[in-house]
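J.: Take this structure first; my questions come after.
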Protein chains: 2
Amino acid sequence: MPKIPVEISARHIHLSQKDLDALFGKGFKLKKIKDLSQPGEFASSQTVELIGPKSSYKKVRVIGPVRKNTQVEITATDCRVLGINAPVRLSGNVKGSAQATIKGPKARIKLKQGVIIAQRHLHLSAEEAKKLKVRNNQKVSVRIKGERSITFHEVVVRAGRQYKKACHLDTDEGNSAGMKTCEYGELVK
Amino acid sequence: MPKIPVEISARHIHLSQKDLDALFGKGFKLKKIKDLSQPGEFASSQTVELIGPKSSYKKVRVIGPVRKNTQVEITATDCRVLGINAPVRLSGNVKGSAQATIKGPKARIKLKQGVIIAQRHLHLSAEEAKKLKVRNNQKVSVRIKGERSITFHEVVVRAGRQYKKACHLDTDEGNSAGMKTCEYGELVK
């Protein structure tokens, strides 16, 4: 079975320039603190408060660079804590997704949509996809070994030149599989 | 594939009579509010505060009847929130497990052990185990279908006359599999 690096994404937010301006001030630029596995993506030093009807998380990391649409990625556990009913969606597919309030140093804004539970997915460069004989949007399975071994099905392949091999899970999924940090899984087609 | 009812256990606590006495008063009896799937087990109207080094959960349900040893069952997500490093264990196997402080109406007690992440398991009566051709302590897999389909491996069979067919997952696991409440899974041997 081909080995796949598996990464756990903590809750985070991507901001549009418009929302970044509103939350942090006109023309604000995110400060990079760490590159992430996908080329160009980075953790910034900025955080915002994510507020739901039941409670809030004070420090949700802003991931750069800015995107076309603001998008908040949380777990089903977070949804219960916040009182938000977010759908399971692929990144970018935010139409009609859940609402929340975001608070930054300069303002508090109400998102009319954008809160999702990220659907698990497997990033691959075009070359890596070819080598593994899988296509963009194909669903595959990834098995994690160990005392809480799990096979994740319905893992959507996101293949393209902008990507690099990594399966992305959320913290509920990583915790369920007993993962501490980045580990390796096996691709099961 | 044989169908198996799958239940999600929220965080909860089982108390010894000694700890129940300390927390709620000498000779206190738990008040049943709901029978659970396993014969004799019930949710009580009592709750306690579960306190870790980083934070606490105010209302953790006490499950009856009293047991030989006090045992707290939480998720890996809860561990992170509380600042507790609990091991993955089968119910009853609490030796050397994690510590926490428990607060009831009458007292606050320090547990020297007893906090675990429950290892997923499949309760079966002796008859049901025979019919499914699995043995006590055998590890099986259980597949949940749907948009977040998962196959859980390392599911420990707990067969015995005191049990009734039900696979028990924690909320991290149920959330990862997109489960809302009790659903059905498929037994994969």
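Residues in the structure tokens are numbered from 1 in each chain, the chains being A, B, ... in the order shown, and ligands are numbered from 1 in the order shown.
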Enumerate, in order of chain and increasing residue number, the residues of chain A with an atom no farther than 9 Å from chain B, each with its shortest atom pair and distance in Å to one decimal, counting only C-alpha atoms, as CSV.
T.:
```
residue,atom,partner,partner_atom,distance
A:Thr75,CA,B:Asn175,CA,8.1
A:Ala76,CA,B:Asn175,CA,5.7
A:Thr77,CA,B:Asn175,CA,6.8
A:Val88,CA,B:Glu147,CA,8.2
A:Gln119,CA,B:Arg148,CA,7.8
A:Arg120,CA,B:Arg148,CA,8.3
A:Ser141,CA,B:Ile150,CA,8.9
A:Arg143,CA,B:Thr151,CA,8.9
A:Lys145,CA,B:His153,CA,8.8
A:Gly146,CA,B:Glu154,CA,8.6
A:Glu147,CA,B:Glu154,CA,6.7
A:Arg148,CA,B:Glu154,CA,6.3
A:Ser149,CA,B:His153,CA,5.2
A:Ile150,CA,B:Phe152,CA,4.8
A:Thr151,CA,B:Thr151,CA,5.0
A:Phe152,CA,B:Ile150,CA,4.8
A:His153,CA,B:Ser149,CA,5.3
A:Glu154,CA,B:Ser149,CA,6.3
A:Val155,CA,B:Arg148,CA,8.5
A:Asp170,CA,B:Ser176,CA,8.4
A:Thr171,CA,B:Thr77,CA,7.7
A:Asp172,CA,B:Asp172,CA,5.0
A:Glu173,CA,B:Ser176,CA,5.0
A:Gly174,CA,B:Ser176,CA,8.8
A:Asn175,CA,B:Ala76,CA,5.7
A:Ser176,CA,B:Glu173,CA,5.0
A:Ala177,CA,B:Glu173,CA,8.3
A:Gly178,CA,B:Ala76,CA,8.1
```
J.: Would you mind writing down, as a list in words, each residue of range 7-183 of chain A that DSSP on the backbone assigns to alpha helix (DSSP H)?
T.: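 So the alpha helix (DSSP H) residues in range 7-183 of chain A would be Gln17, Lys18, Asp19, Leu20, Asp21, Ala22, Leu23, Phe24, Ala76, Thr77, Asp78, Cys79, Arg80, Val81, Leu82, Ala126, Glu127, Glu128, Ala129, Lys130, Lys131, Leu132, Thr171, Asp172, Glu173, Gly174, Asn175 and Ser176 of chain A.
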J.: Have a look at B:Leu15, B:Cys167, B:Leu36, B:Val6 and name the one nearest to Ile109 in chain B; count only C-alpha atoms.
T.: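 Counting only C-alpha atoms, the residue closest to Ile109 in chain B is B:Leu15.
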J.: With a distance cut-off of 6 Å and only C-alpha atoms, select the neighbouring residues of range 46-62 of chain B, excluding the residue or stretch itself and same-chain residues fewer than 3 positions from it, and output the selection as a VMD selection string.
T.: chain B and resid 12 to 14 82 to 83 100 to 104
J.: If I take CA of Ile116 in chain B and CA of Ala86 in chain B, how far is one from the other in Å, to one decimal?
T.: 5.0 Å
J.: Pick from B:Arg158, B:Lys139, B:Ser16, B:Ala10: nearest to Val188 in chain B, with only C-alpha atoms counted?
T.: B:Lys139
